[in-house]
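Heads up: the structure comes next, in structure tokens.
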Amino acid sequence: MDSTGNYTSKKITNGLRKIFIPSNAEIYTFSKDNTNRGCVLLASSTGLLRLHKKDASIDLLGDKWDKKIITTGIIQERNGNIWFSTLNNGIGYYDATLNKYSFYNDGGKMLAINSFCKRSDKEFFVAIADSLPAFFNTEDHMVSFITDTLFRRSKNNTTDIRMDGFGNLFVIKGGAMFYTNSFSGNKNFSGINFDSTAYAPFIWDMQINHRPYFEVAKSKTLLPDLKEIELNYDQNQLEFSYSLHEFWDKRNTALAWKLDGLNMDWVDLPQDPQDKFKAKFIPPLSPGKYVFRVRAKVGNEQWRKQEASLIIIIAPPFWQTWWFWAIVVASLFIIVGFFYKRHIFSVRKKEREKVIHEKELVELEAKALRAQMNPHFVFNSLNSIKSLINKNDNEKAAGYLSTFSKLIRTLFQNSDRREVSLYEELETCKLYTQLEKMRFGDKVEFVFDVDETIDLKDFKVPALILQPFIENAIWHGLMPKETGGKITIQVKRIDDTIQCIIDDNGIGRELSMKNKPQYESAHQSKGIGLTKSRLELDKLLNEREDKIFIIDKEDENGTPEGTKVIISFKES
């Protein structure tokens, strides 16, 4: 008991709790409290108790009994009033409004009642311990004994009396079980709801391809408890046996079956009482989902809402399953994809080989162009040396020949190289301009202006790419002039490009074209055309944008003042 005077519980072990009862009273039976879901009614040796499940507190209903009363059963009415049976004080009644007890016996004879149950609103079936079973009327409180011949032949010791869910009476008397529907009560007082599964039919046997269910299914689940069964595609010849839970007269009972999944209605055929109730002649079923259903009715009543049902899933053969076709489709995609990928690989391989061959061809073409360039330059240089020898200028010719030998050695070193550093290219150009300076003297001036921030040795350009423009500036721009010829070779960086500029103050391209017949016999320049072709090949090989810009310079009056050639290489 706590400080408030309520009786509480004490935890013992494993979640169990011991409930302390007032005055250490003995508990004989219990029942749910229909007026309060959170409570339980207890019948004790000192009175009726109400147990609150939430906090295990206990309230006493009415006054304490003045003697020990052994209670055997409790029935609560909707208004909260309670009927209870006792072993030593007959039928008891608790009036919830008055909070008061009343006890009823057979006249002055004290009744010992083992159990009781409702027959109707106004009557109980009662099992009197030392007598026949009887009726107890709740209005006049009279007891009427059931004087059946069979009852009289058994010992007067009625230990239990119950009404089943279908209104049939069961009695245990003298150690024997008796069943009768002669005193059937209203099913509404049976303690079982009429719409419960107790009134439903059930499926008790099943044949699969003419073999019992337990042989084929090999399942531990009993057929009446089975909700769903899965069968192979060839387990499709089915028969069902079904029945009704309650005691019934087959002549007055109708059952019908139906198989959802087939285009059919309820089958309600006359049944042979000797053959039980069966669903026969179901044709072999196709793969799919079916629901076998059974319904029943007794006498003139309507078909009951409760049904027995069993879901039957017949699996399709593997060649009809979605996953089989998914595998087939996936396999086809894999095969097609394999051959397609193989075809693409083959095509790409041929394209790669073609590109390799094209690059090899481009390399050969580049080498051929360089081969054309070098002999052309050597031919011009030898002509210059020949001219000096013819003039008996031996000392100058010897210096020219020494510089020329250095240039030839440089050309031989770069003969198999497609690209050289910009430093090497400028050194070659310096050797060339030295030779031309020796040849023409003060008539031609060469100036090299190089941005010192550029790493010339790291930047690659096509070999002998600048010399043809310098040579072209000399022969077609400066040679027609008598004196004052100047060529500036400038290297600078603009944004992400390196620009090589050959700027001359010659007569310009327009006048040079007019004078071309005069100089054509002395000098046929193929260098510019070859250089342009080499730059196009360099674009293909190095995948970079090399560009040539040729600018015709003019003064304010439109008079030609020379030519500027800009060769632009994009830094990688």
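Residues in the structure tokens are numbered from 1 in each chain, the chains being A, B, ... in the order shown, and ligands are numbered from 1 in the order shown.
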
Subject >> Near-range 478-482 of chain A list (7 Å; only C-alpha atoms; drop same-chain fewer than 3 positions) as an NGL selection string >> reply: :A and (473-475 or 485 or 506-507)

Restricting it to all heavy atoms, dump the selection as a compact mmCIF listing (two decimals), in the first residue's frame.
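So the final result, stored in part.txt, reads:
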```txt
# COMPACT_ATOMS: atom_id res chain seq x y z
N ALA A 473 62.83 37.89 -98.42
CA ALA A 473 62.93 39.34 -98.19
C ALA A 473 64.17 39.90 -98.87
O ALA A 473 64.15 41.03 -99.40
CB ALA A 473 62.96 39.61 -96.69
N ILE A 474 65.30 39.13 -98.87
CA ILE A 474 66.54 39.60 -99.50
C ILE A 474 66.37 39.70 -101.01
O ILE A 474 66.62 40.74 -101.63
CB ILE A 474 67.71 38.67 -99.15
CG1 ILE A 474 67.99 38.72 -97.65
CG2 ILE A 474 68.95 39.02 -99.95
CD1 ILE A 474 69.01 37.69 -97.19
N TRP A 475 65.94 38.62 -101.63
CA TRP A 475 65.93 38.52 -103.08
C TRP A 475 64.80 39.34 -103.72
O TRP A 475 64.99 39.90 -104.79
CB TRP A 475 65.84 37.07 -103.52
CG TRP A 475 67.14 36.34 -103.33
CD1 TRP A 475 67.51 35.57 -102.29
CD2 TRP A 475 68.24 36.39 -104.21
NE1 TRP A 475 68.78 35.10 -102.44
CE2 TRP A 475 69.28 35.60 -103.65
CE3 TRP A 475 68.51 37.03 -105.45
CZ2 TRP A 475 70.51 35.43 -104.26
CZ3 TRP A 475 69.75 36.83 -106.04
CH2 TRP A 475 70.73 36.03 -105.45
N GLY A 485 69.21 48.51 -97.43
CA GLY A 485 68.31 47.39 -97.15
C GLY A 485 68.45 46.90 -95.70
O GLY A 485 69.56 46.77 -95.19
N GLY A 506 61.99 46.66 -97.99
CA GLY A 506 62.21 46.52 -99.43
C GLY A 506 61.16 47.21 -100.26
O GLY A 506 60.42 48.08 -99.79
N ILE A 507 61.08 46.79 -101.53
CA ILE A 507 60.21 47.48 -102.49
C ILE A 507 58.75 47.02 -102.38
O ILE A 507 57.87 47.60 -103.05
CB ILE A 507 60.72 47.24 -103.92
CG1 ILE A 507 60.66 45.75 -104.25
CG2 ILE A 507 62.14 47.79 -104.09
CD1 ILE A 507 61.01 45.46 -105.72
```

Original post:
Excluding same-chain residues fewer than 6 positions from Gly90 in chain A, what lies within 12 Å of it counting only C-alpha atoms, as number ranges by chain?
Top reply: A: 69-73, 83-84, 102-116, 126-129, 136, 141-143

**OP:** Mind the document's chain letters and residue numbers, and return as a PyMOL selection string the residues of range 432-475 of chain A that DSSP labels strand (DSSP E or B).
**Re:** chain A and resi 444-450+460-462

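We find CA of Gln499 in chain A and CA of Lys486 in chain A to be spaced 19.4 Å apart.
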
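In this model, the gap between CA of Ile229 in chain A and CA of Phe292 in chain A comes to 11.0 Å.
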
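Between CA of Ala463 in chain A and CA of Glu425 in chain A there is a distance of 6.6 Å.
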
Original post:
Can you list, as a PyMOL selection string, every protein, DNA or RNA residue that comes within 7 Å of Lys553 in chain A when you count only C-alpha atoms, leaving out same-chain residues fewer than 3 positions away?
Top reply: chain A and resi 560-563

**OP:** Pull the helix (DSSP H, G or I) assignments for range 33-220 of chain A out of DSSP run on the backbone, and list those residues as a PyMOL selection string.
**Re:** chain A and resi 149-152+187-189+197-199+213-217

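Remark: for Glu230 in chain A, the closest of the candidate residues A:Ile208, A:Ala256, A:Val267, A:Ala315 is A:Ala315 (distances computed over only C-alpha atoms).
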
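The nearest approach to Pro201 in chain A among the residues A:Gly175, A:Pro462, A:Pro224, A:Gly477, with only C-alpha atoms taken into account, belongs to A:Pro224.
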
Original post:
In terms of the shortest atom-to-atom distance over only C-alpha atoms, which of A:Arg17, A:Lys100, A:His343, A:Lys350 is closest to Leu61 in chain A?
Top reply: A:Lys100

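Of the residues under consideration (A:Ile334, A:Leu388, A:Val450, A:Leu231), A:Leu231 shows the shortest atom-to-atom contact distance to Pro317 in chain A when counting only C-alpha atoms.
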
If you count only C-alpha atoms, which residues fall within 7 Å of range 302-312 of chain A, apart from same-chain ones fewer than 2 positions away, as an mmCIF file with N, CA, C and O atoms, in the first residue's frame?
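Everything below was put into out34.cif:
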```cif
data_model
loop_
_atom_site.group_PDB
_atom_site.id
_atom_site.type_symbol
_atom_site.label_atom_id
_atom_site.label_comp_id
_atom_site.auth_asym_id
_atom_site.auth_seq_id
_atom_site.Cartn_x
_atom_site.Cartn_y
_atom_site.Cartn_z
ATOM 1 N N ASP A 195 -20.861 -12.861 -36.066
ATOM 2 C CA ASP A 195 -20.075 -12.640 -37.280
ATOM 3 C C ASP A 195 -18.623 -13.081 -37.119
ATOM 4 O O ASP A 195 -17.761 -12.739 -37.908
ATOM 5 N N THR A 197 -15.400 -15.976 -36.722
ATOM 6 C CA THR A 197 -15.009 -17.142 -37.528
ATOM 7 C C THR A 197 -15.578 -18.436 -36.971
ATOM 8 O O THR A 197 -15.504 -19.473 -37.629
ATOM 9 N N TYR A 199 -18.543 -19.156 -36.767
ATOM 10 C CA TYR A 199 -19.670 -19.534 -37.611
ATOM 11 C C TYR A 199 -19.252 -19.783 -39.061
ATOM 12 O O TYR A 199 -20.094 -19.985 -39.919
ATOM 13 N N ALA A 200 -17.960 -19.700 -39.340
ATOM 14 C CA ALA A 200 -17.483 -19.837 -40.712
ATOM 15 C C ALA A 200 -17.201 -21.296 -41.054
ATOM 16 O O ALA A 200 -16.839 -22.091 -40.190
ATOM 17 N N PRO A 201 -17.337 -21.670 -42.322
ATOM 18 C CA PRO A 201 -16.900 -23.002 -42.748
ATOM 19 C C PRO A 201 -15.383 -23.068 -42.761
ATOM 20 O O PRO A 201 -14.702 -22.045 -42.592
ATOM 21 N N PHE A 202 -14.836 -24.246 -42.982
ATOM 22 C CA PHE A 202 -13.387 -24.387 -43.059
ATOM 23 C C PHE A 202 -13.037 -25.470 -44.068
ATOM 24 O O PHE A 202 -13.836 -26.366 -44.361
ATOM 25 N N ILE A 203 -11.820 -25.349 -44.607
ATOM 26 C CA ILE A 203 -11.308 -26.323 -45.583
ATOM 27 C C ILE A 203 -10.461 -27.315 -44.805
ATOM 28 O O ILE A 203 -9.457 -26.941 -44.202
ATOM 29 N N LYS A 227 -3.319 -20.084 -45.108
ATOM 30 C CA LYS A 227 -3.901 -18.930 -45.780
ATOM 31 C C LYS A 227 -3.527 -18.877 -47.256
ATOM 32 O O LYS A 227 -4.274 -18.343 -48.069
ATOM 33 N N GLU A 228 -2.372 -19.445 -47.581
ATOM 34 C CA GLU A 228 -1.885 -19.361 -48.958
ATOM 35 C C GLU A 228 -1.014 -20.562 -49.244
ATOM 36 O O GLU A 228 -0.286 -21.035 -48.370
ATOM 37 N N ILE A 229 -1.078 -21.058 -50.470
ATOM 38 C CA ILE A 229 -0.259 -22.190 -50.872
ATOM 39 C C ILE A 229 0.293 -21.917 -52.265
ATOM 40 O O ILE A 229 -0.405 -21.380 -53.131
ATOM 41 N N GLU A 230 1.555 -22.247 -52.467
ATOM 42 C CA GLU A 230 2.205 -22.074 -53.759
ATOM 43 C C GLU A 230 2.489 -23.448 -54.351
ATOM 44 O O GLU A 230 3.040 -24.321 -53.664
ATOM 45 N N LYS A 289 -2.979 -16.733 -60.079
ATOM 46 C CA LYS A 289 -3.405 -16.605 -58.685
ATOM 47 C C LYS A 289 -4.915 -16.839 -58.611
ATOM 48 O O LYS A 289 -5.688 -16.225 -59.344
ATOM 49 N N TYR A 290 -5.304 -17.728 -57.688
ATOM 50 C CA TYR A 290 -6.708 -18.058 -57.489
ATOM 51 C C TYR A 290 -7.032 -17.966 -56.000
ATOM 52 O O TYR A 290 -6.137 -18.042 -55.156
ATOM 53 N N VAL A 291 -8.338 -17.814 -55.707
ATOM 54 C CA VAL A 291 -8.805 -17.836 -54.324
ATOM 55 C C VAL A 291 -9.991 -18.799 -54.258
ATOM 56 O O VAL A 291 -11.026 -18.550 -54.885
ATOM 57 N N PHE A 292 -9.806 -19.911 -53.521
ATOM 58 C CA PHE A 292 -10.900 -20.857 -53.311
ATOM 59 C C PHE A 292 -11.698 -20.401 -52.095
ATOM 60 O O PHE A 292 -11.143 -20.186 -51.014
ATOM 61 N N ARG A 293 -13.010 -20.225 -52.268
ATOM 62 C CA ARG A 293 -13.858 -19.688 -51.210
ATOM 63 C C ARG A 293 -15.032 -20.630 -50.939
ATOM 64 O O ARG A 293 -15.565 -21.251 -51.872
ATOM 65 N N VAL A 294 -15.414 -20.722 -49.668
ATOM 66 C CA VAL A 294 -16.550 -21.548 -49.254
ATOM 67 C C VAL A 294 -17.449 -20.703 -48.355
ATOM 68 O O VAL A 294 -16.967 -19.999 -47.467
ATOM 69 N N ARG A 295 -18.766 -20.795 -48.564
ATOM 70 C CA ARG A 295 -19.724 -20.115 -47.700
ATOM 71 C C ARG A 295 -20.801 -21.105 -47.262
ATOM 72 O O ARG A 295 -20.938 -22.188 -47.840
ATOM 73 N N ALA A 296 -21.567 -20.725 -46.245
ATOM 74 C CA ALA A 296 -22.544 -21.664 -45.675
ATOM 75 C C ALA A 296 -23.782 -20.923 -45.205
ATOM 76 O O ALA A 296 -23.755 -19.707 -44.965
ATOM 77 N N LYS A 297 -24.855 -21.681 -45.087
ATOM 78 C CA LYS A 297 -26.062 -21.187 -44.438
ATOM 79 C C LYS A 297 -26.776 -22.382 -43.813
ATOM 80 O O LYS A 297 -26.681 -23.518 -44.284
ATOM 81 N N ASN A 300 -33.188 -21.554 -42.990
ATOM 82 C CA ASN A 300 -33.698 -20.488 -43.858
ATOM 83 C C ASN A 300 -32.907 -19.192 -43.748
ATOM 84 O O ASN A 300 -33.333 -18.171 -44.296
ATOM 85 N N ILE A 314 -0.291 -20.744 -58.525
ATOM 86 C CA ILE A 314 0.329 -21.767 -59.375
ATOM 87 C C ILE A 314 1.411 -21.071 -60.198
ATOM 88 O O ILE A 314 1.114 -20.202 -61.030
#
```

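For the residues A:Tyr213, A:Tyr93, A:Phe125, A:Tyr400, ranking by smallest atom-to-atom distance to Gly441 in chain A using only C-alpha atoms places A:Tyr400 first.
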